[in-house]
Amino acid sequence: MTTQAGFALRGRNPDVLTCIANLSNDEVFTPPEFANRMLDTLAEAWAADHKGANLWADKKVRFLDPFTKSGVFLREITSRLTKGLAAEIPDLQERVNHVLTKQVFGIGITYLTSLLARRSVYCSKDARGEHSIAKGFASEAGNIWFERLEHTWAGTKCAYCGAPRTIFDRDEGLESHAYAFIHTNDVKTRMSELFGGDMQFDVIIGNPPYQMTGAAGGSSDASIYHLFVEQAQRLDPRYLSMVTPSRWLAGGRGLDDFRASMLGGGHLHNLVDFPASREVFPGVEIKGGICYFLWSKDYRGKGEVTITRDGKATTSTRDLGEFDVFIRDPESVAILHKVLAKKETSITSILSRDTPFGIASNYSEIHERSQHGDVPIYFIQTMKRGVGYVPRRLVSKNADLIDTCKVLVPEAYNGGDAVPHQILGKPQLAPSPSVCTQSYLFLRFDSERGARSAQSYYATRFFRFMVSLRKITQHALHSTYVWVPMQTWNRTWTDEALYAKYGITRKEQAYIESQVRAMNLDRGDDE
């Protein structure tokens with residue numbers, strides 16, 4: 001079969017993979033156009049590192065998608081290799097067999113997605129079936145493996161992914177979501193067990209699951225995508241490219257070491273960031289946006305960074321390890337340098353930490369009217385602010401701060417992805433004595449005058465711009481305020497005074513004001 005084939009690897013119209021619905025907000029199908037953009041980035045880097053060589057014309061390169069869902073990455077890789085190897089392997093069937101049996105491998109994340117991936121890649125859910133474009137597989141799975149695994153329970157949670165036993169210790173008829181790729185201490189041995197022989201992959205690429213339900217305790221989920229990245233690195237590939245939420249760039253619980261390794265390691269060849277996830281996954285909101293990266297084992301140096309907003313992309317070459325978090329816009333870096341050059345104390349020195357008085361946001365035993373021994377408590381519940389009362393004796397954490405004046409600052413504020421953005425919710429003065437729930441952090445003062453001065457500072461665009469450099473999701477915890485400098489608390493602060501103090505040029509002022517909208521403290525709402 002040298003001139004005609006009974007199947008086509010491309011040219012489907014419409015492409016069924018553009019029509020399927022996502023499983024959930026953390027197991028999202030990758031659009032074919034986006035997968036191809038990632039493959040283009042990979043191919044460009046390969047050519048740059050291999051004297052212009054065509055990645056898709058190399059019959060020895062081995063690819064792995066260790067968390068395949070729709071099979072889109074494997075399908076597009078197969079299509080590119082089938083075209084690229086035409087000169088070296090003229091017979092089409094022989095060429096397709098070589099690509100599918102020797103070069104392209106995947107691991108399904110669920111039984112359903114494994115069938116979908118095989119259908120996308122082999123044109124048959126059975127790799128040995130009569131409609132399969134591959135010939136010579138010994139099993140129906142081909143090179144796209146899936147078996148249901150169980151979690152390894154260490155008390156109430158899985159030792160590998162943190163899955164809570166109360167949710168995922170379930171019947172065999174239900175998916176366990178114990179992903180094979182990360183449920184092992186020896187991933188190289190695991191790959192040999194799944195695919196046979198010494199499986200050295202040159203390229204690992206894909207879109208991993210983003211979080212594990214309930215793994216952070218209660219109703220809170222925990223990020224797990226970084227576990228897949230770290231496990232892939234243990235396989236020692238030449239290139240690694242994954243789609244992940246962008247929140248690891250500046251935040252996320254338990255991601256500090258991962259962020260330091262990725263940003264400071266010098267191996268990031270490319271970082272492509274979309275602050276609004278809808279530009280990648282229409283109809284799916286992922287706080288902080290979506291990004292993909294290309295990590296190269298042999299690369300050392302600055303990274304090429306592309307930021308896309310409203311379809312407009314800007315590209316720059318950046319030292320990604322300059323700070324402990326990633327700053328999206330180069331214009332912001334120049335302003336930050338000016339502020340840090342003064343070496344002033346951070347406002348975090350007077351800012352409380354999370355859950356400042358040990359009272360959770362959903363605490364329900366709040367009195368509407370004051371009783372003997374009560375103190376006022378400020379809270380946010382069902383998106384509304386309120387003030388009630390709780391017994392002073394209830395407060396065991398930071399009890400010495402009850403009798404201080406406070407500027408309460410909401411711990412979370414969303415407000416959408418559009419710019420200019422408010423960045424933070426409006427502050428609220430709380431006189432002495434007072435406490436608050438976990439919904440707030442607070443700045444503490446000995447006098448109301450100092451608190452009002454700080455409130456004026458908080459309302460400036462400058463203050464909220466400095467916060468925005470470290471705030472990538474709706475949450476603004478203690479560390480988010482690290483780059484906000486302390487001031488003297490004996491005046492009303494304005495942007496004009498702060499611009500003059502830090503030498504912010506008119507161009508930089510215009511940039512700040514394009515990113516952060518004015519905050520009117522006289523209005524009663526939070527807009």
# chains A, B, ... in the order shown; residues from 1 in each chain; ligands from 1

call {"tool": "residues_around", "arguments": {"residues": "segment 378-380 of chain A", "least_positions_apart": "2", "cutoff": "6 Å", "atoms": "only C-alpha atoms", "output": "PDB file with N, CA and C atoms, in the first residue's frame"}}
result
ATOM      1  N   LYS A 384     -22.304  38.761  51.678  1.00  0.00           N
ATOM      2  CA  LYS A 384     -22.745  39.984  52.342  1.00  0.00           C
ATOM      3  C   LYS A 384     -21.959  40.196  53.630  1.00  0.00           C
ATOM      4  N   ARG A 385     -21.626  41.467  53.892  1.00  0.00           N
ATOM      5  CA  ARG A 385     -20.918  41.814  55.111  1.00  0.00           C
ATOM      6  C   ARG A 385     -21.904  42.022  56.256  1.00  0.00           C
ATOM      7  N   GLY A 386     -21.439  41.711  57.454  1.00  0.00           N
ATOM      8  CA  GLY A 386     -22.289  41.918  58.619  1.00  0.00           C
ATOM      9  C   GLY A 386     -21.462  42.102  59.873  1.00  0.00           C
ATOM     10  N   VAL A 387     -22.136  42.567  60.923  1.00  0.00           N
ATOM     11  CA  VAL A 387     -21.506  42.735  62.222  1.00  0.00           C
ATOM     12  C   VAL A 387     -22.413  42.097  63.268  1.00  0.00           C
ATOM     13  N   CYS A 436     -12.775  39.527  63.925  1.00  0.00           N
ATOM     14  CA  CYS A 436     -13.336  39.215  62.615  1.00  0.00           C
ATOM     15  C   CYS A 436     -13.210  37.726  62.348  1.00  0.00           C
ATOM     16  N   THR A 437     -13.957  37.256  61.375  1.00  0.00           N
ATOM     17  CA  THR A 437     -13.849  35.861  60.962  1.00  0.00           C
ATOM     18  C   THR A 437     -12.731  35.714  59.939  1.00  0.00           C
ATOM     19  N   SER A 439     -12.930  35.535  56.954  1.00  0.00           N
ATOM     20  CA  SER A 439     -13.215  36.279  55.728  1.00  0.00           C
ATOM     21  C   SER A 439     -12.353  37.527  55.587  1.00  0.00           C
TER      22      SER A 439
END

call {"tool": "closest_atom_pairs", "arguments": {"of": "segment 50-78 of chain A", "to": "segment 216-237 of chain A", "cutoff": "12 Å", "atoms": "only C-alpha atoms", "output": "JSON lines"}}
result
{"residue": "A:Val61", "atom": "CA", "partner": "A:Pro237", "partner_atom": "CA", "distance": 10.7}
{"residue": "A:Arg62", "atom": "CA", "partner": "A:Pro237", "partner_atom": "CA", "distance": 9.6}
{"residue": "A:Phe63", "atom": "CA", "partner": "A:Pro237", "partner_atom": "CA", "distance": 9.4}
{"residue": "A:Leu64", "atom": "CA", "partner": "A:Ala232", "partner_atom": "CA", "distance": 9.7}
{"residue": "A:Asp65", "atom": "CA", "partner": "A:Ala232", "partner_atom": "CA", "distance": 10.0}
{"residue": "A:Pro66", "atom": "CA", "partner": "A:Ala232", "partner_atom": "CA", "distance": 8.4}
{"residue": "A:Phe67", "atom": "CA", "partner": "A:Phe228", "partner_atom": "CA", "distance": 8.8}

call {"tool": "write_last_selection", "arguments": {"atoms": "C-alpha atoms", "output": "compact mmCIF listing (two decimals), in the first residue's frame"}}
result
# COMPACT_ATOMS: atom_id res chain seq x y z
CA VAL A 61 11.61 10.09 18.99
CA ARG A 62 9.21 8.66 21.55
CA PHE A 63 6.18 10.57 22.90
CA LEU A 64 4.07 10.04 26.04
CA ASP A 65 0.80 11.60 27.16
CA PRO A 66 0.53 10.16 30.68
CA PHE A 67 -2.97 11.52 31.34

call {"tool": "closest_residue", "arguments": {"among": "A:Ser332, A:Thr317, A:Gln428, A:Asn414", "to": "Leu469 of chain A", "atoms": "only C-alpha atoms"}}
result
A:Ser332

call {"tool": "select_by_dssp", "arguments": {"residues": "segment 319-489 of chain A", "states": "helix (DSSP H, G or I)", "output": "VMD selection string"}}
result
chain A and resid 330 to 340 347 to 350 392 to 394 399 to 401 448 to 459 461 to 468 478 to 481

call {"tool": "write_last_selection", "arguments": {"atoms": "C-alpha atoms", "output": "PDB file, in the first residue's frame"}}
result
ATOM      1  CA  PRO A 330       7.468  43.536  32.031  1.00  0.00           C
ATOM      2  CA  GLU A 331       6.159  47.081  32.670  1.00  0.00           C
ATOM      3  CA  SER A 332       5.358  46.041  36.230  1.00  0.00           C
ATOM      4  CA  VAL A 333       8.913  44.855  36.859  1.00  0.00           C
ATOM      5  CA  ALA A 334      10.383  48.311  36.269  1.00  0.00           C
ATOM      6  CA  ILE A 335       7.943  49.848  38.764  1.00  0.00           C
ATOM      7  CA  LEU A 336       8.653  47.129  41.314  1.00  0.00           C
ATOM      8  CA  HIS A 337      12.382  47.775  41.079  1.00  0.00           C
ATOM      9  CA  LYS A 338      11.825  51.426  41.979  1.00  0.00           C
ATOM     10  CA  VAL A 339       9.747  50.543  45.024  1.00  0.00           C
ATOM     11  CA  LEU A 340      12.069  47.813  46.281  1.00  0.00           C
ATOM     12  CA  ILE A 347       3.213  46.361  55.369  1.00  0.00           C
ATOM     13  CA  THR A 348       2.986  42.685  56.292  1.00  0.00           C
ATOM     14  CA  SER A 349       4.682  43.709  59.560  1.00  0.00           C
ATOM     15  CA  ILE A 350       1.290  45.040  60.746  1.00  0.00           C
ATOM     16  CA  ARG A 392     -14.646  37.659  74.301  1.00  0.00           C
ATOM     17  CA  ARG A 393     -13.670  34.439  76.098  1.00  0.00           C
ATOM     18  CA  LEU A 394     -14.261  32.543  72.816  1.00  0.00           C
ATOM     19  CA  ALA A 399      -6.603  37.832  71.978  1.00  0.00           C
ATOM     20  CA  ASP A 400      -4.107  40.635  72.657  1.00  0.00           C
ATOM     21  CA  LEU A 401      -5.187  42.305  69.401  1.00  0.00           C
ATOM     22  CA  GLU A 448      -8.225  55.654  64.737  1.00  0.00           C
ATOM     23  CA  ARG A 449      -6.149  58.355  63.014  1.00  0.00           C
ATOM     24  CA  GLY A 450      -3.550  55.773  61.985  1.00  0.00           C
ATOM     25  CA  ALA A 451      -6.257  53.407  60.785  1.00  0.00           C
ATOM     26  CA  ARG A 452      -7.880  56.093  58.638  1.00  0.00           C
ATOM     27  CA  SER A 453      -4.516  57.002  57.139  1.00  0.00           C
ATOM     28  CA  ALA A 454      -3.920  53.353  56.229  1.00  0.00           C
ATOM     29  CA  GLN A 455      -7.411  53.102  54.787  1.00  0.00           C
ATOM     30  CA  SER A 456      -6.636  55.978  52.428  1.00  0.00           C
ATOM     31  CA  TYR A 457      -3.399  54.219  51.421  1.00  0.00           C
ATOM     32  CA  TYR A 458      -5.225  50.958  50.739  1.00  0.00           C
ATOM     33  CA  ALA A 459      -7.668  52.791  48.458  1.00  0.00           C
ATOM     34  CA  ARG A 461      -4.220  52.521  42.859  1.00  0.00           C
ATOM     35  CA  PHE A 462      -0.556  52.289  43.851  1.00  0.00           C
ATOM     36  CA  PHE A 463      -1.292  50.088  46.903  1.00  0.00           C
ATOM     37  CA  ARG A 464      -3.541  47.724  44.989  1.00  0.00           C
ATOM     38  CA  PHE A 465      -1.149  47.598  42.033  1.00  0.00           C
ATOM     39  CA  MET A 466       1.627  46.382  44.341  1.00  0.00           C
ATOM     40  CA  VAL A 467      -0.729  43.707  45.653  1.00  0.00           C
ATOM     41  CA  SER A 468      -1.723  42.703  42.108  1.00  0.00           C
ATOM     42  CA  HIS A 478      -0.607  37.602  54.015  1.00  0.00           C
ATOM     43  CA  SER A 479       2.158  36.865  51.486  1.00  0.00           C
ATOM     44  CA  THR A 480       0.244  38.686  48.741  1.00  0.00           C
ATOM     45  CA  TYR A 481       1.053  42.019  50.445  1.00  0.00           C
TER      46      TYR A 481
END

call {"tool": "atom_distance", "arguments": {"atom1": "atom CA of Tyr413 of chain A", "atom2": "atom CA of Asn362 of chain A"}}
result
17.1 Å

call {"tool": "closest_residue", "arguments": {"among": "A:Leu174, A:Leu249, A:Leu498, A:Ala163", "to": "Phe274 of chain A", "atoms": "only C-alpha atoms"}}
result
A:Leu249

call {"tool": "residues_around", "arguments": {"residues": "Cys405 of chain A", "least_positions_apart": "5", "cutoff": "6 Å", "atoms": "only C-alpha atoms", "output": "list in words"}}
result
Pro431, Ser432, Arg444, Phe445 and Asp446 of chain A

call {"tool": "write_last_selection", "arguments": {"atoms": "N, CA, C and O atoms", "output": "CSV table (one decimal), in the first residue's frame"}}
result
chain,number,residue,atom,x,y,z
A,431,PRO,N,-13.4,49.6,65.0
A,431,PRO,CA,-12.9,50.3,66.2
A,431,PRO,C,-12.5,49.2,67.3
A,431,PRO,O,-12.9,48.0,67.2
A,432,SER,N,-11.8,49.7,68.3
A,432,SER,CA,-11.4,48.8,69.4
A,432,SER,C,-12.6,48.8,70.4
A,432,SER,O,-13.2,49.9,70.7
A,444,ARG,N,-3.4,46.5,61.9
A,444,ARG,CA,-3.7,46.9,63.3
A,444,ARG,C,-3.0,48.3,63.6
A,444,ARG,O,-1.9,48.5,63.2
A,445,PHE,N,-3.7,49.0,64.4
A,445,PHE,CA,-3.2,50.4,64.8
A,445,PHE,C,-3.6,50.7,66.2
A,445,PHE,O,-4.6,50.2,66.8
A,446,ASP,N,-2.9,51.6,66.8
A,446,ASP,CA,-3.2,52.1,68.2
A,446,ASP,C,-4.2,53.2,68.2
A,446,ASP,O,-4.8,53.5,69.3

call {"tool": "closest_residue", "arguments": {"among": "A:Leu268, A:Phe326, A:Asp198, A:Asn490", "to": "Glu304 of chain A", "atoms": "only C-alpha atoms"}}
result
A:Leu268

call {"tool": "residues_around", "arguments": {"residues": "segment 243-248 of chain A", "least_positions_apart": "3", "cutoff": "9 Å", "atoms": "only C-alpha atoms", "output": "number ranges by chain"}}
result
A: 30, 38, 205-210, 225-226, 251-253, 255-256, 258-259, 273-275, 277, 286-293, 325-326, 471-473

call {"tool": "residues_around", "arguments": {"residues": "Leu443 of chain A", "least_positions_apart": "3", "cutoff": "6 Å", "atoms": "only C-alpha atoms", "output": "list in words"}}
result
Ile350, Leu351, Lys406 and Val407 of chain A

call {"tool": "write_last_selection", "arguments": {"atoms": "all heavy atoms", "output": "PDB file, in the first residue's frame"}}
result
ATOM      1  N   ILE A 350       2.461  44.700  59.924  1.00  0.00           N
ATOM      2  CA  ILE A 350       1.290  45.040  60.746  1.00  0.00           C
ATOM      3  C   ILE A 350       0.027  44.355  60.223  1.00  0.00           C
ATOM      4  O   ILE A 350      -1.084  44.699  60.619  1.00  0.00           O
ATOM      5  CB  ILE A 350       1.072  46.564  60.809  1.00  0.00           C
ATOM      6  CG1 ILE A 350       0.831  47.149  59.420  1.00  0.00           C
ATOM      7  CG2 ILE A 350       2.247  47.248  61.500  1.00  0.00           C
ATOM      8  CD1 ILE A 350       0.364  48.608  59.440  1.00  0.00           C
ATOM      9  N   LEU A 351       0.196  43.407  59.319  1.00  0.00           N
ATOM     10  CA  LEU A 351      -0.933  42.691  58.721  1.00  0.00           C
ATOM     11  C   LEU A 351      -1.096  41.327  59.372  1.00  0.00           C
ATOM     12  O   LEU A 351      -0.127  40.585  59.535  1.00  0.00           O
ATOM     13  CB  LEU A 351      -0.712  42.519  57.215  1.00  0.00           C
ATOM     14  CG  LEU A 351      -1.798  41.779  56.428  1.00  0.00           C
ATOM     15  CD1 LEU A 351      -3.093  42.600  56.386  1.00  0.00           C
ATOM     16  CD2 LEU A 351      -1.310  41.467  55.011  1.00  0.00           C
ATOM     17  N   LYS A 406      -8.591  48.658  63.777  1.00  0.00           N
ATOM     18  CA  LYS A 406      -8.253  47.788  62.653  1.00  0.00           C
ATOM     19  C   LYS A 406      -8.785  48.334  61.336  1.00  0.00           C
ATOM     20  O   LYS A 406      -9.854  48.948  61.296  1.00  0.00           O
ATOM     21  CB  LYS A 406      -8.822  46.384  62.882  1.00  0.00           C
ATOM     22  CG  LYS A 406      -8.387  45.731  64.183  1.00  0.00           C
ATOM     23  CD  LYS A 406      -9.177  44.465  64.468  1.00  0.00           C
ATOM     24  CE  LYS A 406      -8.827  43.900  65.832  1.00  0.00           C
ATOM     25  NZ  LYS A 406      -9.345  44.769  66.935  1.00  0.00           N
ATOM     26  N   VAL A 407      -8.038  48.071  60.293  1.00  0.00           N
ATOM     27  CA  VAL A 407      -8.548  48.226  58.935  1.00  0.00           C
ATOM     28  C   VAL A 407      -8.756  46.805  58.414  1.00  0.00           C
ATOM     29  O   VAL A 407      -7.788  46.072  58.160  1.00  0.00           O
ATOM     30  CB  VAL A 407      -7.565  48.989  58.027  1.00  0.00           C
ATOM     31  CG1 VAL A 407      -8.136  49.084  56.607  1.00  0.00           C
ATOM     32  CG2 VAL A 407      -7.294  50.371  58.581  1.00  0.00           C
TER      33      VAL A 407
END

call {"tool": "residues_around", "arguments": {"residues": "segment 94-101 of chain A", "least_positions_apart": "6", "cutoff": "12 Å", "atoms": "only C-alpha atoms", "output": "PyMOL selection string"}}
result
chain A and resi 1-2+5+7-9+56-64+74-88+118+121-123+127-128+132-139+141-144+195-196

call {"tool": "closest_residue", "arguments": {"among": "A:Gln487, A:Thr41, A:Asn36, A:Ser176", "to": "Leu271 of chain A", "atoms": "only C-alpha atoms"}}
result
A:Thr41

call {"tool": "select_by_dssp", "arguments": {"residues": "segment 260-403 of chain A", "states": "strand (DSSP E)", "output": "JSON, numbers by chain"}}
result
{"A": [268, 269, 270, 271, 272, 273, 274, 290, 291, 292, 293, 294, 295, 296, 303, 304, 305, 306, 307, 308, 309, 312, 313, 314, 315, 316, 317, 318, 374, 375, 376, 377, 378, 379, 380, 381, 384, 385, 386, 387, 388, 389, 390, 391]}
